[in-house]
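Undergrad: What follows is entry-v7.cif; its format and atoms are mmCIF, C-alpha atoms.
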data_entry
#
loop_
_atom_site.group_PDB
_atom_site.id
_atom_site.type_symbol
_atom_site.label_atom_id
_atom_site.label_comp_id
_atom_site.auth_asym_id
_atom_site.auth_seq_id
_atom_site.Cartn_x
_atom_site.Cartn_y
_atom_site.Cartn_z
ATOM 1 C CA MET A 285 -22.853 13.747 23.671
ATOM 2 C CA LEU A 286 -21.987 13.452 20.005
ATOM 3 C CA PRO A 287 -19.811 16.603 20.015
ATOM 4 C CA ALA A 288 -17.399 14.820 22.376
ATOM 5 C CA THR A 289 -17.299 11.843 20.031
ATOM 6 C CA ALA A 290 -16.638 14.154 17.092
ATOM 7 C CA ALA A 291 -13.804 15.827 19.014
ATOM 8 C CA ALA A 292 -12.238 12.445 19.844
ATOM 9 C CA LEU A 293 -12.423 11.380 16.198
ATOM 10 C CA ALA A 294 -10.951 14.711 15.084
ATOM 11 C CA VAL A 295 -7.990 14.284 17.435
ATOM 12 C CA LEU A 296 -7.432 10.747 16.163
ATOM 13 C CA ALA A 297 -7.675 11.967 12.551
ATOM 14 C CA ALA A 298 -5.079 14.675 13.222
ATOM 15 C CA LEU A 299 -2.692 12.136 14.760
ATOM 16 C CA LEU A 300 -3.109 9.754 11.819
ATOM 17 C CA ALA A 301 -2.703 12.534 9.269
ATOM 18 C CA TRP A 302 0.848 13.414 10.243
ATOM 19 C CA PRO A 303 2.541 12.380 13.541
ATOM 20 C CA VAL A 304 1.777 8.650 13.353
ATOM 21 C CA PRO A 305 2.754 8.227 9.652
ATOM 22 C CA ALA A 306 5.879 10.326 10.222
ATOM 23 C CA LEU A 307 6.932 8.150 13.170
ATOM 24 C CA LEU A 308 6.226 4.936 11.273
ATOM 25 C CA GLU A 309 8.101 6.217 8.220
ATOM 26 C CA ARG A 310 11.216 6.997 10.306
ATOM 27 C CA ALA A 311 11.071 3.842 12.437
ATOM 28 C CA ARG A 312 13.749 1.209 11.933
ATOM 29 C CA TRP A 313 11.737 -1.860 12.943
ATOM 30 C CA PRO A 314 9.658 -2.140 9.700
ATOM 31 C CA ARG A 315 12.709 -3.319 7.736
ATOM 32 C CA ARG A 316 12.955 -6.233 10.214
ATOM 33 C CA ASP A 317 9.470 -7.453 9.260
ATOM 34 C CA PRO A 318 8.053 -5.750 6.162
ATOM 35 C CA LEU A 319 4.826 -7.772 6.157
ATOM 36 C CA VAL A 320 3.839 -6.690 9.672
ATOM 37 C CA ALA A 321 4.770 -3.104 8.781
ATOM 38 C CA LEU A 322 2.566 -3.259 5.676
ATOM 39 C CA VAL A 323 -0.372 -4.372 7.824
ATOM 40 C CA CYS A 324 0.269 -1.409 10.137
ATOM 41 C CA TRP A 325 0.370 1.017 7.214
ATOM 42 C CA GLN A 326 -2.952 -0.305 5.909
ATOM 43 C CA ALA A 327 -4.463 0.186 9.371
ATOM 44 C CA VAL A 328 -3.142 3.758 9.563
ATOM 45 C CA GLY A 329 -4.638 4.647 6.191
ATOM 46 C CA LEU A 330 -8.033 3.062 6.830
ATOM 47 C CA ALA A 331 -8.341 4.364 10.387
ATOM 48 C CA GLY A 332 -7.344 7.848 9.242
ATOM 49 C CA GLY A 333 -10.053 7.910 6.591
ATOM 50 C CA LEU A 334 -12.679 6.623 9.029
ATOM 51 C CA SER A 335 -11.664 9.177 11.635
ATOM 52 C CA ILE A 336 -11.716 12.312 9.513
ATOM 53 C CA ILE A 337 -14.960 11.446 7.704
ATOM 54 C CA GLY A 338 -16.494 10.164 10.939
ATOM 55 C CA ALA A 339 -15.636 13.344 12.849
ATOM 56 C CA LEU A 340 -17.381 15.487 10.235
ATOM 57 C CA LEU A 341 -20.354 13.152 10.003
ATOM 58 C CA VAL A 342 -20.842 12.832 13.759
ATOM 59 C CA HIS A 343 -20.737 16.596 14.276
ATOM 60 C CA GLY A 344 -23.140 17.194 11.417
ATOM 61 C CA LEU A 345 -25.680 14.646 12.697
ATOM 62 C CA ALA A 346 -25.452 15.647 16.358
ATOM 63 C CA PRO A 347 -28.873 17.410 16.443
ATOM 64 C CA TRP A 348 -30.662 14.210 15.366
ATOM 65 C CA GLY A 349 -29.575 11.784 18.093
ATOM 66 C CA HIS A 350 -27.190 10.619 20.796
ATOM 67 C CA SER A 351 -25.288 8.131 18.631
ATOM 68 C CA LEU A 352 -24.379 7.976 14.976
ATOM 69 C CA PRO A 353 -26.694 5.023 14.153
ATOM 70 C CA GLU A 354 -29.597 6.712 15.974
ATOM 71 C CA ALA A 355 -28.983 10.062 14.263
ATOM 72 C CA ALA A 356 -28.555 8.506 10.825
ATOM 73 C CA TRP A 357 -31.792 6.525 11.254
ATOM 74 C CA SER A 358 -33.638 9.680 12.314
ATOM 75 C CA VAL A 359 -32.471 11.492 9.188
ATOM 76 C CA LEU A 360 -33.331 8.579 6.899
ATOM 77 C CA THR A 361 -36.812 8.216 8.364
ATOM 78 C CA GLY A 362 -37.511 11.936 8.294
ATOM 79 C CA HIS A 363 -37.634 12.338 12.068
ATOM 80 C CA PRO A 364 -37.232 15.974 13.151
ATOM 81 C CA ALA A 365 -34.024 17.007 14.905
ATOM 82 C CA ASP A 366 -33.990 17.025 18.707
ATOM 83 C CA ALA A 367 -31.915 20.206 18.796
ATOM 84 C CA VAL A 368 -31.371 23.297 16.700
ATOM 85 C CA VAL A 369 -29.654 22.551 13.401
ATOM 86 C CA ARG A 370 -27.023 25.250 12.867
ATOM 87 C CA GLY A 371 -25.112 26.183 9.779
ATOM 88 C CA ASP A 372 -21.962 24.401 10.959
ATOM 89 C CA HIS A 373 -23.896 21.116 11.051
ATOM 90 C CA TRP A 374 -24.840 21.467 7.375
ATOM 91 C CA VAL A 375 -21.272 22.494 6.494
ATOM 92 C CA THR A 376 -19.690 19.460 8.174
ATOM 93 C CA LEU A 377 -22.263 17.108 6.650
ATOM 94 C CA THR A 378 -21.443 18.525 3.237
ATOM 95 C CA LEU A 379 -17.699 18.212 3.846
ATOM 96 C CA ALA A 380 -18.136 14.611 5.029
ATOM 97 C CA GLY A 381 -19.998 13.728 1.854
ATOM 98 C CA VAL A 382 -17.526 15.507 -0.405
ATOM 99 C CA LEU A 383 -14.477 13.977 1.295
ATOM 100 C CA ALA A 384 -15.954 10.471 1.311
ATOM 101 C CA ALA A 385 -16.892 10.788 -2.362
ATOM 102 C CA GLU A 386 -13.425 12.100 -3.212
ATOM 103 C CA LEU A 387 -11.531 9.364 -1.367
ATOM 104 C CA VAL A 388 -13.704 6.554 -2.717
ATOM 105 C CA GLY A 389 -13.855 8.143 -6.156
ATOM 106 C CA VAL A 390 -10.102 8.630 -6.402
ATOM 107 C CA LEU A 391 -9.532 5.059 -5.201
ATOM 108 C CA LEU A 392 -11.860 3.666 -7.860
ATOM 109 C CA LEU A 393 -10.453 5.980 -10.527
ATOM 110 C CA SER A 394 -6.877 4.993 -9.633
ATOM 111 C CA TRP A 395 -7.823 1.329 -9.821
ATOM 112 C CA LEU A 396 -9.548 1.755 -13.181
ATOM 113 C CA ARG A 397 -6.709 3.792 -14.679
ATOM 114 C CA THR A 398 -4.051 1.399 -13.407
ATOM 115 C CA THR A 399 -5.990 -1.634 -14.597
ATOM 116 C CA ARG A 400 -6.509 -0.084 -18.046
ATOM 117 C CA THR A 401 -2.837 0.900 -18.301
ATOM 118 C CA ARG A 402 -1.670 -2.575 -17.297
ATOM 119 C CA ARG A 403 -4.030 -4.205 -19.768
ATOM 120 C CA ARG A 404 -2.771 -1.974 -22.574
ATOM 121 C CA HIS A 405 0.882 -2.689 -21.739
ATOM 122 C CA ARG A 406 0.158 -6.408 -21.478
ATOM 123 C CA GLU A 407 -1.490 -6.451 -24.898
ATOM 124 C CA LEU A 408 1.456 -4.587 -26.453
ATOM 125 C CA LEU A 409 4.022 -6.808 -24.783
ATOM 126 C CA GLU A 410 2.265 -9.975 -25.938
ATOM 127 C CA LEU A 411 3.030 -8.861 -29.497
ATOM 128 C CA VAL A 412 6.788 -8.663 -28.967
ATOM 129 C CA VAL A 413 7.755 -11.064 -26.170
ATOM 130 C CA ARG A 414 8.530 -14.739 -26.486
ATOM 131 C CA PRO A 415 8.882 -17.542 -23.927
ATOM 132 C CA ALA A 416 12.008 -17.293 -21.805
ATOM 133 C CA ALA A 417 14.142 -20.120 -20.515
ATOM 134 C CA GLN A 418 12.910 -19.386 -17.007
ATOM 135 C CA PRO A 419 9.519 -20.960 -16.233
ATOM 136 C CA GLU A 420 6.509 -18.621 -16.469
ATOM 137 C CA ALA A 421 8.708 -15.766 -17.753
ATOM 138 C CA ARG A 422 8.662 -13.933 -21.094
ATOM 139 C CA LEU A 423 11.692 -12.560 -22.918
ATOM 140 C CA LEU A 424 11.718 -8.990 -24.231
ATOM 141 C CA GLU A 425 14.411 -7.891 -26.681
ATOM 142 C CA HIS A 426 15.847 -4.838 -24.947
ATOM 143 C CA PRO A 427 19.527 -4.036 -24.275
ATOM 144 C CA ALA A 428 19.003 -2.683 -20.744
ATOM 145 C CA PRO A 429 18.817 -5.169 -17.854
ATOM 146 C CA VAL A 430 15.134 -5.037 -16.940
ATOM 147 C CA ALA A 431 12.850 -7.359 -14.992
ATOM 148 C CA PHE A 432 9.284 -6.577 -14.067
ATOM 149 C CA CYS A 433 5.864 -8.097 -13.629
ATOM 150 C CA ILE A 434 2.440 -6.828 -14.600
ATOM 151 C CA PRO A 435 -0.135 -7.971 -12.043
ATOM 152 C CA GLY A 436 -3.802 -8.520 -12.693
ATOM 153 C CA GLY A 437 -6.124 -11.217 -13.950
ATOM 154 C CA ARG A 438 -3.526 -12.327 -16.514
ATOM 155 C CA PRO A 439 -0.195 -11.609 -14.825
ATOM 156 C CA MET A 440 2.963 -11.380 -16.884
ATOM 157 C CA LEU A 441 6.600 -11.715 -15.791
ATOM 158 C CA VAL A 442 9.068 -10.146 -18.240
ATOM 159 C CA LEU A 443 12.854 -10.369 -18.494
ATOM 160 C CA SER A 444 14.809 -8.323 -20.999
ATOM 161 C CA SER A 445 17.491 -9.852 -23.169
ATOM 162 C CA GLY A 446 19.896 -7.398 -21.529
ATOM 163 C CA MET A 447 19.031 -8.825 -18.115
ATOM 164 C CA VAL A 448 19.545 -12.391 -19.312
ATOM 165 C CA ALA A 449 22.931 -11.448 -20.802
ATOM 166 C CA GLU A 450 23.994 -9.504 -17.695
ATOM 167 C CA LEU A 451 23.194 -12.079 -15.003
ATOM 168 C CA ASP A 452 24.175 -15.678 -14.400
ATOM 169 C CA ASP A 453 21.648 -18.454 -13.835
ATOM 170 C CA ALA A 454 21.532 -18.053 -10.057
ATOM 171 C CA GLN A 455 20.970 -14.320 -10.286
ATOM 172 C CA LEU A 456 18.238 -14.758 -12.882
ATOM 173 C CA ALA A 457 16.534 -17.281 -10.619
ATOM 174 C CA ALA A 458 16.650 -14.720 -7.814
ATOM 175 C CA VAL A 459 15.082 -12.045 -10.025
ATOM 176 C CA VAL A 460 12.311 -14.385 -11.159
ATOM 177 C CA ALA A 461 11.626 -15.405 -7.550
ATOM 178 C CA HIS A 462 11.363 -11.739 -6.560
ATOM 179 C CA GLU A 463 8.833 -10.970 -9.294
ATOM 180 C CA ARG A 464 6.850 -14.111 -8.551
ATOM 181 C CA ALA A 465 6.581 -12.952 -4.946
ATOM 182 C CA HIS A 466 4.987 -9.705 -6.127
ATOM 183 C CA LEU A 467 2.423 -11.624 -8.154
ATOM 184 C CA ARG A 468 1.699 -14.343 -5.609
ATOM 185 C CA GLU A 469 1.143 -11.940 -2.706
ATOM 186 C CA HIS A 470 -0.707 -9.314 -4.793
ATOM 187 C CA HIS A 471 1.574 -6.498 -3.698
ATOM 188 C CA HIS A 472 -0.073 -4.062 -6.092
ATOM 189 C CA LEU A 473 -3.123 -4.092 -3.808
ATOM 190 C CA TYR A 474 -1.009 -2.872 -0.882
ATOM 191 C CA LEU A 475 0.072 0.099 -2.983
ATOM 192 C CA LEU A 476 -3.289 1.105 -4.445
ATOM 193 C CA PRO A 477 -4.773 2.839 -1.338
ATOM 194 C CA PHE A 478 -1.673 4.972 -0.931
ATOM 195 C CA VAL A 479 -1.601 5.921 -4.615
ATOM 196 C CA ALA A 480 -5.173 7.122 -4.145
ATOM 197 C CA TRP A 481 -4.354 8.850 -0.830
ATOM 198 C CA GLU A 482 -1.530 10.808 -2.424
ATOM 199 C CA ALA A 483 -3.722 11.742 -5.406
ATOM 200 C CA ALA A 484 -6.687 12.786 -3.233
ATOM 201 C CA LEU A 485 -4.676 14.751 -0.658
ATOM 202 C CA PRO A 486 -1.563 16.061 -2.450
ATOM 203 C CA VAL A 487 -1.141 18.885 0.079
ATOM 204 C CA LEU A 488 -0.678 16.378 2.908
ATOM 205 C CA PRO A 489 3.062 15.669 3.300
ATOM 206 C CA ALA A 490 2.377 12.321 4.962
ATOM 207 C CA ALA A 491 0.592 11.026 1.850
ATOM 208 C CA ALA A 492 3.705 11.044 -0.354
ATOM 209 C CA GLY A 493 5.860 9.701 2.473
ATOM 210 C CA ALA A 494 3.431 6.873 3.169
ATOM 211 C CA HIS A 495 3.335 5.884 -0.508
ATOM 212 C CA ALA A 496 7.139 5.791 -0.696
ATOM 213 C CA ALA A 497 7.424 3.824 2.551
ATOM 214 C CA VAL A 498 4.871 1.223 1.458
ATOM 215 C CA ARG A 499 6.574 0.831 -1.922
ATOM 216 C CA THR A 500 9.903 0.172 -0.197
ATOM 217 C CA LEU A 501 8.328 -2.347 2.175
ATOM 218 C CA VAL A 502 6.678 -4.151 -0.737
ATOM 219 C CA GLU A 503 10.077 -4.564 -2.402
ATOM 220 C CA MET A 504 11.673 -5.738 0.847
ATOM 221 C CA ARG A 505 8.895 -8.252 1.342
ATOM 222 C CA ALA A 506 9.441 -9.586 -2.179
ATOM 223 C CA ASP A 507 13.170 -9.864 -1.422
ATOM 224 C CA ASP A 508 12.412 -11.904 1.706
ATOM 225 C CA VAL A 509 10.029 -14.250 -0.110
ATOM 226 C CA ALA A 510 12.514 -14.691 -2.957
ATOM 227 C CA LEU A 511 15.287 -15.669 -0.549
ATOM 228 C CA ARG A 512 13.196 -18.552 0.777
ATOM 229 C CA SER A 513 13.117 -20.187 -2.641
ATOM 230 C CA LEU A 514 16.850 -19.774 -3.260
ATOM 231 C CA SER A 515 19.591 -22.076 -2.071
ATOM 232 C CA GLY A 516 23.263 -21.719 -1.389
ATOM 233 C CA PRO A 517 25.328 -19.715 1.089
ATOM 234 C CA ASP A 518 25.532 -16.672 -1.202
ATOM 235 C CA ARG A 519 21.818 -16.319 -1.979
ATOM 236 C CA ARG A 520 21.647 -12.875 -0.373
ATOM 237 C CA ARG A 521 24.619 -11.631 -2.340
ATOM 238 C CA THR A 522 23.205 -13.196 -5.497
ATOM 239 C CA LEU A 523 19.931 -11.272 -5.170
ATOM 240 C CA ALA A 524 21.761 -8.075 -4.203
ATOM 241 C CA ARG A 525 23.938 -8.256 -7.332
ATOM 242 C CA ALA A 526 20.874 -8.761 -9.494
ATOM 243 C CA ILE A 527 19.168 -5.710 -7.973
ATOM 244 C CA VAL A 528 22.269 -3.570 -8.503
ATOM 245 C CA ALA A 529 22.578 -4.727 -12.107
ATOM 246 C CA ALA A 530 18.950 -3.818 -12.819
ATOM 247 C CA ALA A 531 19.242 -0.456 -11.071
ATOM 248 C CA GLY A 532 22.513 0.461 -12.743
ATOM 249 C CA GLY A 533 21.458 -0.472 -16.235
ATOM 250 C CA ALA A 534 19.237 2.562 -16.802
ATOM 251 C CA GLY A 535 16.398 0.169 -17.477
ATOM 252 C CA GLY A 536 13.815 2.113 -15.539
ATOM 253 C CA ALA A 537 12.549 3.789 -18.686
ATOM 254 C CA ALA A 538 11.697 0.368 -20.115
ATOM 255 C CA VAL A 539 9.460 -0.573 -17.163
ATOM 256 C CA PRO A 540 5.791 0.060 -18.008
ATOM 257 C CA SER A 541 3.640 2.220 -15.782
ATOM 258 C CA GLY A 542 1.820 0.125 -13.197
ATOM 259 C CA ALA A 543 4.404 -2.677 -13.255
ATOM 260 C CA LEU A 544 6.440 -3.873 -10.284
ATOM 261 C CA ALA A 545 10.163 -4.043 -11.054
ATOM 262 C CA VAL A 546 13.021 -5.731 -9.235
ATOM 263 C CA ALA A 547 14.766 -2.348 -9.000
ATOM 264 C CA GLY A 548 11.529 -0.575 -8.167
ATOM 265 C CA GLY A 549 12.561 1.346 -5.074
ATOM 266 C CA ALA A 550 15.074 2.014 -2.274
ATOM 267 C CA VAL A 551 17.817 0.032 -4.012
ATOM 268 C CA ARG A 552 20.606 1.068 -1.682
ATOM 269 C CA GLU A 553 18.595 0.335 1.456
ATOM 270 C CA ARG A 554 17.512 -3.049 0.123
ATOM 271 C CA VAL A 555 21.041 -4.054 -0.872
ATOM 272 C CA VAL A 556 22.402 -3.073 2.551
ATOM 273 C CA ARG A 557 19.583 -5.034 4.169
ATOM 274 C CA LEU A 558 20.411 -8.107 2.081
ATOM 275 C CA LEU A 559 24.130 -8.001 2.759
ATOM 276 C CA ALA A 560 23.808 -7.086 6.448
ATOM 277 C CA PRO A 561 20.385 -8.471 7.408
ATOM 278 C CA PRO A 562 18.800 -7.065 10.571
ATOM 279 C CA SER A 563 17.725 -9.425 13.314
ATOM 280 C CA PRO A 564 14.158 -10.711 12.888
ATOM 281 C CA LEU A 565 11.439 -8.958 14.814
ATOM 282 C CA PRO A 566 10.783 -10.860 18.070
ATOM 283 C CA GLY A 567 7.498 -12.696 18.379
ATOM 284 C CA TRP A 568 6.235 -10.424 21.129
ATOM 285 C CA ALA A 569 6.992 -7.359 18.995
ATOM 286 C CA ARG A 570 5.086 -8.832 16.039
ATOM 287 C CA VAL A 571 2.083 -9.507 18.245
ATOM 288 C CA LEU A 572 2.287 -5.996 19.714
ATOM 289 C CA ALA A 573 2.468 -4.371 16.262
ATOM 290 C CA LEU A 574 -0.436 -6.410 14.893
ATOM 291 C CA ALA A 575 -2.495 -5.771 18.027
ATOM 292 C CA SER A 576 -1.823 -2.051 17.632
ATOM 293 C CA ALA A 577 -3.042 -2.224 14.017
ATOM 294 C CA VAL A 578 -6.241 -3.971 15.092
ATOM 295 C CA LEU A 579 -6.759 -1.472 17.918
ATOM 296 C CA LEU A 580 -6.212 1.389 15.503
ATOM 297 C CA LEU A 581 -9.121 0.121 13.420
ATOM 298 C CA LEU A 582 -11.336 -0.682 16.394
ATOM 299 C CA VAL A 583 -11.103 2.757 18.045
ATOM 300 C CA PRO A 584 -12.743 4.845 15.273
ATOM 301 C CA THR A 585 -15.200 2.025 14.548
ATOM 302 C CA ALA A 586 -16.270 1.923 18.196
ATOM 303 C CA LEU A 587 -16.556 5.690 18.378
ATOM 304 C CA LEU A 588 -18.786 5.668 15.322
ATOM 305 C CA LEU A 589 -21.064 2.781 16.248
ATOM 306 C CA LEU A 590 -21.262 2.738 20.047
ATOM 307 C CA PRO A 591 -23.320 5.247 22.088
ATOM 308 C CA ALA A 592 -21.805 8.710 22.157
ATOM 309 C CA LEU A 593 -19.260 9.734 24.753
#
So that I can check it, write out the structure of this file as structure tokens.
TA:
Amino acid sequence: MLPATAAALAVLAALLAWPVPALLERARWPRRDPLVALVCWQAVGLAGGLSIIGALLVHGLAPWGHSLPEAAWSVLTGHPADAVVRGDHWVTLTLAGVLAAELVGVLLLSWLRTTRTRRRHRELLELVVRPAAQPEARLLEHPAPVAFCIPGGRPMLVLSSGMVAELDDAQLAAVVAHERAHLREHHHLYLLPFVAWEAALPVLPAAAGAHAAVRTLVEMRADDVALRSLSGPDRRRTLARAIVAAAGGAGGAAVPSGALAVAGGAVRERVVRLLAPPSPLPGWARVLALASAVLLLLVPTALLLLPAL
């Protein structure tokens, strides 16, 4: 019956709303492979949204059929309900619609606002920056050591004159490689769902924690990609020194909203990770984590589309 399916989805939604994100946030393995951890976080967020909206929708449509597709088709075609439609069915249908509209609406609104803000900052910066010595970078006259990139259709990588004066050539190359990694891998897209999640559900403690965790993982991933393009035995120390210089220069105020900065988050944890790198995640553990992410998406999807329990 559909009520059993709704109950299963509700249990899954409750687990993904707090215990699972809390466990993933406190786990130590994500720092060993930030990319795999980012995939897992995306699966948690998407599966959580499917589960909570699906639970409400399935319960609300229960009188119209024995599976969600059958019940939805009955409603769309004007077929009468097979059972008594109670007030709680109308309430859950309304909540499902409101929650779905809020989550999708906040996601779109966050994307539009962020895109507009980045475009405005890019247009202002184009008036004051000039080409830097580093390829693809622009130089901004500012005394604080700052490095950031503005993603989007016309990405921009900016170094401040204070950063250029503070760092040597190797450290500057490390900073540029870090920012290029953000742009090349479109890290801003990893962050967007969690910005929207936190805005849509501010009362949910896991939302803020998930956003912070994903932001840290994005920076760690950019560190890892940057290291691959650097050479020399001290490349880890070189990047760590550049991060510390940017974080200690009080340059955060000069970083535009919506930009990704080299000192954007969890500086201490990133520096420790660079100087004392953890062992890579074993292959079997990577496969297990990715399989868990896929399973996490398949379970609510199957509950929604397959015949009711």
Undergrad: Which polymer residues have any atom within 12 Å of an atom of Leu423 in chain A, counting all atoms listed in the file, with same-chain residues fewer than 3 positions away left out, as a PyMOL selection string?
TA: chain A and resi 409-420+426-427+429-433+440-449+460
Undergrad: For this file, the PyMOL selection byres ((chain A and resi 306) around 12) selects which residues, as a PyMOL selection string?
TA: chain A and resi 299-305+307-311+325+328+488-497
Undergrad: Got time to write the residues from that selection, C-alpha atoms, as a PDB file, in the frame of the given file?
TA:
ATOM      1  CA  LEU A 299      -2.692  12.136  14.760  1.00  0.00           C
ATOM      2  CA  LEU A 300      -3.109   9.754  11.819  1.00  0.00           C
ATOM      3  CA  ALA A 301      -2.703  12.534   9.269  1.00  0.00           C
ATOM      4  CA  TRP A 302       0.848  13.414  10.243  1.00  0.00           C
ATOM      5  CA  PRO A 303       2.541  12.380  13.541  1.00  0.00           C
ATOM      6  CA  VAL A 304       1.777   8.650  13.353  1.00  0.00           C
ATOM      7  CA  PRO A 305       2.754   8.227   9.652  1.00  0.00           C
ATOM      8  CA  LEU A 307       6.932   8.150  13.170  1.00  0.00           C
ATOM      9  CA  LEU A 308       6.226   4.936  11.273  1.00  0.00           C
ATOM     10  CA  GLU A 309       8.101   6.217   8.220  1.00  0.00           C
ATOM     11  CA  ARG A 310      11.216   6.997  10.306  1.00  0.00           C
ATOM     12  CA  ALA A 311      11.071   3.842  12.437  1.00  0.00           C
ATOM     13  CA  TRP A 325       0.370   1.017   7.214  1.00  0.00           C
ATOM     14  CA  VAL A 328      -3.142   3.758   9.563  1.00  0.00           C
ATOM     15  CA  LEU A 488      -0.678  16.378   2.908  1.00  0.00           C
ATOM     16  CA  PRO A 489       3.062  15.669   3.300  1.00  0.00           C
ATOM     17  CA  ALA A 490       2.377  12.321   4.962  1.00  0.00           C
ATOM     18  CA  ALA A 491       0.592  11.026   1.850  1.00  0.00           C
ATOM     19  CA  ALA A 492       3.705  11.044  -0.354  1.00  0.00           C
ATOM     20  CA  GLY A 493       5.860   9.701   2.473  1.00  0.00           C
ATOM     21  CA  ALA A 494       3.431   6.873   3.169  1.00  0.00           C
ATOM     22  CA  HIS A 495       3.335   5.884  -0.508  1.00  0.00           C
ATOM     23  CA  ALA A 496       7.139   5.791  -0.696  1.00  0.00           C
ATOM     24  CA  ALA A 497       7.424   3.824   2.551  1.00  0.00           C
TER      25      ALA A 497
END
Undergrad: Quick one: of A:Ala290, A:Ala458, A:Ala545, A:Leu476, who's nearest to Leu334 in chain A, counting all atoms listed in the file?
TA: A:Ala290
Undergrad: Between A:Ala384, A:Arg422, A:Gly371, A:Gly344, which residue has the minimum interatomic distance to Gly332 in chain A, considering only C-alpha atoms?
TA: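 Looking only at the distances to Gly332 in chain A, the closest residue turns out to be A:Ala384.
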Undergrad: Of the residues A:Ser335, A:Thr401, A:Ser351, A:Thr376, which is the one nearest to Leu590 in chain A, using only C-alpha atoms?
TA: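 That would be A:Ser351, the residue with the smallest distance to Leu590 in chain A.
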Undergrad: Please determine, counting only C-alpha atoms, which residue among A:Ala291, A:Ala321, A:Leu396, A:Leu296 has the shortest atom-to-atom distance to Val583 in chain A.
TA: A:Leu296
Undergrad: Grab the CA of Val459 in chain A to CA of Leu523 in chain A distance for me, in Å with one decimal place.
TA: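 It comes out at 6.9 Å.
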Undergrad: With only C-alpha atoms as the atoms that count, which of A:Val498, A:Ala346, A:Leu319, A:Ala560 lies nearest to Ala524 in chain A?
TA: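 Smallest distance to Ala524 in chain A is found for A:Ala560.
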